[in-house]
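**Q** Sharing data_24.csv below, CSV, C-alpha atoms:
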chain,number,residue,atom,x,y,z
Z,1,MET,CA,-12.2,-39.8,1.2
Z,2,ALA,CA,-13.5,-38.5,-2.1
Z,3,LYS,CA,-12.0,-39.7,-5.3
Z,4,MET,CA,-10.2,-37.0,-7.2
Z,5,GLY,CA,-9.8,-38.8,-10.5
Z,6,ALA,CA,-8.0,-37.4,-13.5
Z,7,SER,CA,-9.4,-33.9,-13.1
Z,8,GLY,CA,-7.9,-33.7,-9.6
Z,9,SER,CA,-4.4,-33.6,-10.8
Z,10,ARG,CA,-4.8,-30.8,-13.3
Z,11,TRP,CA,-1.9,-28.5,-13.6
Z,12,ILE,CA,-3.9,-25.6,-14.9
Z,13,GLY,CA,-4.6,-24.1,-11.5
Z,14,ILE,CA,-1.0,-24.3,-10.3
Z,15,PRO,CA,0.2,-21.0,-12.0
Z,16,ALA,CA,-2.8,-19.2,-10.8
Z,17,ARG,CA,-2.3,-20.3,-7.2
Z,18,ILE,CA,1.4,-19.5,-7.4
Z,19,PHE,CA,1.0,-16.0,-8.7
Z,20,ALA,CA,-1.9,-15.2,-6.4
Z,21,MET,CA,0.1,-16.3,-3.3
Z,22,THR,CA,3.2,-14.5,-4.5
Z,23,PHE,CA,1.2,-11.3,-5.1
Z,24,LEU,CA,-0.5,-11.4,-1.7
Z,25,MET,CA,2.7,-12.2,0.2
Z,26,THR,CA,4.7,-9.5,-1.7
Z,27,LEU,CA,2.0,-7.0,-0.9
Z,28,LEU,CA,1.9,-8.0,2.8
Z,29,SER,CA,5.7,-7.8,3.1
Z,30,PHE,CA,5.8,-4.4,1.4
Z,31,ALA,CA,3.2,-3.1,3.9
Z,32,VAL,CA,5.0,-4.5,6.9
Z,33,ALA,CA,8.4,-3.2,5.7
Z,34,LEU,CA,6.9,0.2,4.9
Z,35,LEU,CA,5.4,0.5,8.3
Z,36,LEU,CA,8.6,-0.5,10.0
Z,37,SER,CA,10.8,1.7,7.8
Z,38,ILE,CA,8.5,4.7,8.4
Z,39,VAL,CA,8.6,4.2,12.1
Z,40,GLY,CA,12.4,3.9,11.9
Z,41,THR,CA,12.8,7.0,9.8
Z,42,VAL,CA,10.6,9.0,12.1
Z,43,VAL,CA,12.6,7.8,15.2
Z,44,TYR,CA,15.9,8.6,13.4
Z,45,SER,CA,14.7,12.0,12.4
Z,46,ARG,CA,13.6,12.8,16.0
Z,47,VAL,CA,16.9,11.7,17.4
Z,48,ARG,CA,18.9,13.8,14.8
Z,49,ARG,CA,16.4,16.6,15.0
Z,50,ILE,CA,15.9,16.7,11.2
Z,51,ALA,CA,12.9,16.5,8.9
Z,52,PRO,CA,11.9,12.9,8.2
Z,53,ASP,CA,12.7,11.8,4.6
Z,54,LEU,CA,9.7,9.4,4.1
Z,55,PRO,CA,10.3,8.7,0.3
Z,56,PHE,CA,13.6,7.2,1.5
Z,57,ALA,CA,11.6,4.7,3.6
Z,58,TYR,CA,9.7,3.2,0.7
Z,59,ARG,CA,12.3,3.6,-2.1
Z,60,HIS,CA,15.3,2.3,-0.4
Z,61,ILE,CA,14.0,0.1,2.4
Z,62,ALA,CA,10.4,-1.2,1.8
Z,63,LEU,CA,10.6,-1.8,-2.0
Z,64,PRO,CA,13.8,-3.9,-1.9
Z,65,CYS,CA,12.5,-5.9,1.0
Z,66,ALA,CA,9.2,-6.6,-0.8
Z,67,ILE,CA,11.1,-7.6,-4.0
Z,68,ALA,CA,13.3,-10.0,-2.0
Z,69,ALA,CA,10.3,-11.5,-0.1
Z,70,GLY,CA,8.3,-11.8,-3.3
Z,71,THR,CA,11.2,-13.7,-5.0
Z,72,VAL,CA,11.5,-16.1,-2.0
Z,73,VAL,CA,7.7,-16.7,-1.9
Z,74,LEU,CA,7.6,-17.3,-5.7
Z,75,LEU,CA,10.3,-19.9,-5.5
Z,76,LEU,CA,8.9,-21.6,-2.4
Z,77,SER,CA,5.4,-21.8,-3.7
Z,78,LEU,CA,6.6,-23.1,-7.0
Z,79,ALA,CA,8.5,-25.8,-5.3
Z,80,LEU,CA,5.6,-26.8,-3.0
Z,81,GLU,CA,3.1,-26.8,-5.8
Z,82,ILE,CA,5.3,-29.0,-8.0
Z,83,ARG,CA,5.9,-31.4,-5.1
Z,84,ASP,CA,2.2,-31.6,-4.4
Z,85,TYR,CA,1.3,-32.2,-8.0
Z,86,ARG,CA,3.9,-35.0,-8.4
Z,87,GLN,CA,2.7,-36.6,-5.1
Z,88,ARG,CA,-0.9,-36.4,-6.1
Z,89,LYS,CA,-0.1,-37.9,-9.5
Z,90,ALA,CA,1.9,-40.8,-8.0
Z,91,LEU,CA,-0.9,-41.5,-5.5
Z,92,GLU,CA,-3.5,-41.6,-8.3
Z,93,GLY,CA,-1.3,-44.0,-10.2
Z,94,ILE,CA,-1.0,-46.3,-7.2
Z,95,GLU,CA,-4.8,-46.1,-6.7
Z,96,ARG,CA,-5.4,-46.9,-10.3
Z,97,VAL,CA,-3.0,-49.9,-10.3
Z,98,SER,CA,-4.4,-51.3,-7.0
Z,99,GLY,CA,-8.0,-51.1,-8.3
Z,100,VAL,CA,-9.3,-49.4,-5.2
Show me this structure written as structure tokens.
**A**
Amino acid sequence: MAKMGASGSRWIGIPARIFAMTFLMTLLSFAVALLLSIVGTVVYSRVRRIAPDLPFAYRHIALPCAIAAGTVVLLLSLALEIRDYRQRKALEGIERVSGV
């Protein structure tokens, strides 16, 4: 196993990873929610025999779903990155003390 050293436990890259993951997952959840809401809106309009209101699909369904998913992803990735950073720091301390 390669030695990570002091540079391996840098916290500089943590915010970049957090925001990149949050952005990508928010974008993905918006796309999936938009697809499902458009399909649902079209099915609903076919059943009711009315014109589909597609702006409703992204304004009132997909956007709130993406915001909620983005918030959850931000909090989870923040917690996971902090846990990983602390664990890596503790393991480096143990390695330094043991002299391995």
**Q** Do a neighbour search on range 32-49 of chain Z at 8 Å with all atoms listed in the file, toss out local chain neighbours closer than 3 positions, and write the hits as a PyMOL selection string.
**A** chain Z and resi 28-29+52-54+57-58+61-62+65-66
**Q** Keeping only C-alpha atoms, write the selected residues to a file as an mmCIF file, in the coordinates of the input.
**A**
data_model
loop_
_atom_site.group_PDB
_atom_site.id
_atom_site.type_symbol
_atom_site.label_atom_id
_atom_site.label_comp_id
_atom_site.auth_asym_id
_atom_site.auth_seq_id
_atom_site.Cartn_x
_atom_site.Cartn_y
_atom_site.Cartn_z
ATOM 1 C CA LEU Z 28 1.900 -8.000 2.800
ATOM 2 C CA SER Z 29 5.700 -7.800 3.100
ATOM 3 C CA PRO Z 52 11.900 12.900 8.200
ATOM 4 C CA ASP Z 53 12.700 11.800 4.600
ATOM 5 C CA LEU Z 54 9.700 9.400 4.100
ATOM 6 C CA ALA Z 57 11.600 4.700 3.600
ATOM 7 C CA TYR Z 58 9.700 3.200 0.700
ATOM 8 C CA ILE Z 61 14.000 0.100 2.400
ATOM 9 C CA ALA Z 62 10.400 -1.200 1.800
ATOM 10 C CA CYS Z 65 12.500 -5.900 1.000
ATOM 11 C CA ALA Z 66 9.200 -6.600 -0.800
#
**Q** Report, in Å with one decimal, the straight-line distance from CA of Leu78 in chain Z to CA of Phe19 in chain Z.
**A** 9.2 Å
**Q** For a quick check of understanding, using only C-alpha atoms, which of Z:Glu81, Z:Ala51, Z:Gln87, Z:Ala31 has the smallest distance to Pro15 in chain Z?
**A**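 Once distances to Pro15 in chain Z are computed over only C-alpha atoms, the minimum belongs to Z:Glu81.
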**Q** From (6.0, -19.0, 0.4), in the file's coordinates, out to 8 Å: which residues are reached, counting only C-alpha atoms? Answer as a list in words.
**A** Met21, Thr22, Met25, Val72, Val73, Leu74, Leu75, Leu76 and Ser77 of chain Z
**Q** Based on the selection just made, write C-alpha atoms of those residues as a PDB file, keeping the file's coordinate frame.
**A**
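As written to disk, result.pdb reads:
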ATOM      1  CA  MET Z  21       0.100 -16.300  -3.300  1.00  0.00           C
ATOM      2  CA  THR Z  22       3.200 -14.500  -4.500  1.00  0.00           C
ATOM      3  CA  MET Z  25       2.700 -12.200   0.200  1.00  0.00           C
ATOM      4  CA  VAL Z  72      11.500 -16.100  -2.000  1.00  0.00           C
ATOM      5  CA  VAL Z  73       7.700 -16.700  -1.900  1.00  0.00           C
ATOM      6  CA  LEU Z  74       7.600 -17.300  -5.700  1.00  0.00           C
ATOM      7  CA  LEU Z  75      10.300 -19.900  -5.500  1.00  0.00           C
ATOM      8  CA  LEU Z  76       8.900 -21.600  -2.400  1.00  0.00           C
ATOM      9  CA  SER Z  77       5.400 -21.800  -3.700  1.00  0.00           C
TER      10      SER Z  77
END
**Q** I'd like the interatomic distance between CA of Ile50 in chain Z and CA of Pro64 in chain Z, to a tenth of an Å.
**A** 24.5 Å
**Q** In Å to one decimal, how far is CA of Lys89 in chain Z from CA of Arg10 in chain Z?
**A** 9.3 Å
**Q** Counting all atoms listed in the file, which of Z:Gly99, Z:Leu27, Z:Leu80, Z:Gly93 gets nearest to Ile67 in chain Z?
**A** Z:Leu27
**Q** Complete range 8-42 of chain Z with N, CA and C atoms (output as a compact mmCIF listing (two decimals), in the frame of the given file).
**A**
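As a result, out.txt now contains:
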# COMPACT_ATOMS: atom_id res chain seq x y z
N GLY Z 8 -8.52 -34.16 -10.79
CA GLY Z 8 -7.90 -33.70 -9.60
C GLY Z 8 -6.46 -33.33 -9.69
N SER Z 9 -5.79 -33.88 -10.69
CA SER Z 9 -4.40 -33.60 -10.80
C SER Z 9 -4.07 -32.65 -11.97
N ARG Z 10 -5.01 -31.78 -12.25
CA ARG Z 10 -4.80 -30.80 -13.30
C ARG Z 10 -3.71 -29.81 -12.91
N TRP Z 11 -2.93 -29.44 -13.87
CA TRP Z 11 -1.90 -28.50 -13.60
C TRP Z 11 -2.27 -27.07 -13.98
N ILE Z 12 -3.48 -26.90 -14.49
CA ILE Z 12 -3.90 -25.60 -14.90
C ILE Z 12 -4.02 -24.59 -13.79
N GLY Z 13 -4.46 -25.01 -12.64
CA GLY Z 13 -4.60 -24.10 -11.50
C GLY Z 13 -3.34 -23.78 -10.78
N ILE Z 14 -2.27 -24.51 -11.06
CA ILE Z 14 -1.00 -24.30 -10.30
C ILE Z 14 -0.46 -22.89 -10.56
N PRO Z 15 -0.31 -22.41 -11.81
CA PRO Z 15 0.20 -21.00 -12.00
C PRO Z 15 -0.64 -19.97 -11.33
N ALA Z 16 -1.95 -20.15 -11.37
CA ALA Z 16 -2.80 -19.20 -10.80
C ALA Z 16 -2.62 -19.11 -9.25
N ARG Z 17 -2.52 -20.28 -8.61
CA ARG Z 17 -2.30 -20.30 -7.20
C ARG Z 17 -0.90 -19.72 -6.82
N ILE Z 18 0.10 -20.04 -7.64
CA ILE Z 18 1.40 -19.50 -7.40
C ILE Z 18 1.49 -18.02 -7.46
N PHE Z 19 0.93 -17.46 -8.54
CA PHE Z 19 1.00 -16.00 -8.70
C PHE Z 19 0.09 -15.27 -7.72
N ALA Z 20 -1.04 -15.86 -7.35
CA ALA Z 20 -1.90 -15.20 -6.40
C ALA Z 20 -1.19 -15.17 -5.00
N MET Z 21 -0.59 -16.30 -4.61
CA MET Z 21 0.10 -16.30 -3.30
C MET Z 21 1.32 -15.38 -3.34
N THR Z 22 2.04 -15.36 -4.45
CA THR Z 22 3.20 -14.50 -4.50
C THR Z 22 2.77 -13.01 -4.46
N PHE Z 23 1.71 -12.65 -5.17
CA PHE Z 23 1.20 -11.30 -5.10
C PHE Z 23 0.80 -10.87 -3.73
N LEU Z 24 0.02 -11.72 -3.07
CA LEU Z 24 -0.50 -11.40 -1.70
C LEU Z 24 0.64 -11.28 -0.70
N MET Z 25 1.58 -12.21 -0.75
CA MET Z 25 2.70 -12.20 0.20
C MET Z 25 3.63 -11.01 -0.06
N THR Z 26 3.84 -10.67 -1.33
CA THR Z 26 4.70 -9.50 -1.70
C THR Z 26 4.01 -8.23 -1.16
N LEU Z 27 2.71 -8.13 -1.36
CA LEU Z 27 2.00 -7.00 -0.90
C LEU Z 27 2.03 -6.86 0.63
N LEU Z 28 1.86 -7.98 1.31
CA LEU Z 28 1.90 -8.00 2.80
C LEU Z 28 3.32 -7.62 3.27
N SER Z 29 4.34 -8.16 2.65
CA SER Z 29 5.70 -7.80 3.10
C SER Z 29 6.05 -6.38 2.81
N PHE Z 30 5.53 -5.83 1.70
CA PHE Z 30 5.80 -4.40 1.40
C PHE Z 30 5.09 -3.55 2.49
N ALA Z 31 3.88 -3.91 2.87
CA ALA Z 31 3.20 -3.10 3.90
C ALA Z 31 3.88 -3.16 5.23
N VAL Z 32 4.32 -4.34 5.63
CA VAL Z 32 5.00 -4.50 6.90
C VAL Z 32 6.36 -3.73 6.88
N ALA Z 33 7.10 -3.92 5.78
CA ALA Z 33 8.40 -3.20 5.70
C ALA Z 33 8.23 -1.73 5.61
N LEU Z 34 7.19 -1.26 4.94
CA LEU Z 34 6.90 0.20 4.90
C LEU Z 34 6.59 0.74 6.24
N LEU Z 35 5.75 0.03 6.97
CA LEU Z 35 5.40 0.50 8.30
C LEU Z 35 6.64 0.57 9.20
N LEU Z 36 7.45 -0.49 9.19
CA LEU Z 36 8.60 -0.50 10.00
C LEU Z 36 9.66 0.56 9.58
N SER Z 37 9.80 0.76 8.28
CA SER Z 37 10.80 1.70 7.80
C SER Z 37 10.30 3.17 8.08
N ILE Z 38 9.00 3.41 8.02
CA ILE Z 38 8.50 4.70 8.40
C ILE Z 38 8.71 5.02 9.84
N VAL Z 39 8.41 4.04 10.68
CA VAL Z 39 8.60 4.20 12.10
C VAL Z 39 10.12 4.45 12.38
N GLY Z 40 10.98 3.68 11.76
CA GLY Z 40 12.40 3.90 11.90
C GLY Z 40 12.91 5.21 11.44
N THR Z 41 12.38 5.66 10.31
CA THR Z 41 12.80 7.00 9.80
C THR Z 41 12.32 8.10 10.67
N VAL Z 42 11.12 7.98 11.22
CA VAL Z 42 10.60 9.00 12.10
C VAL Z 42 11.44 9.05 13.41
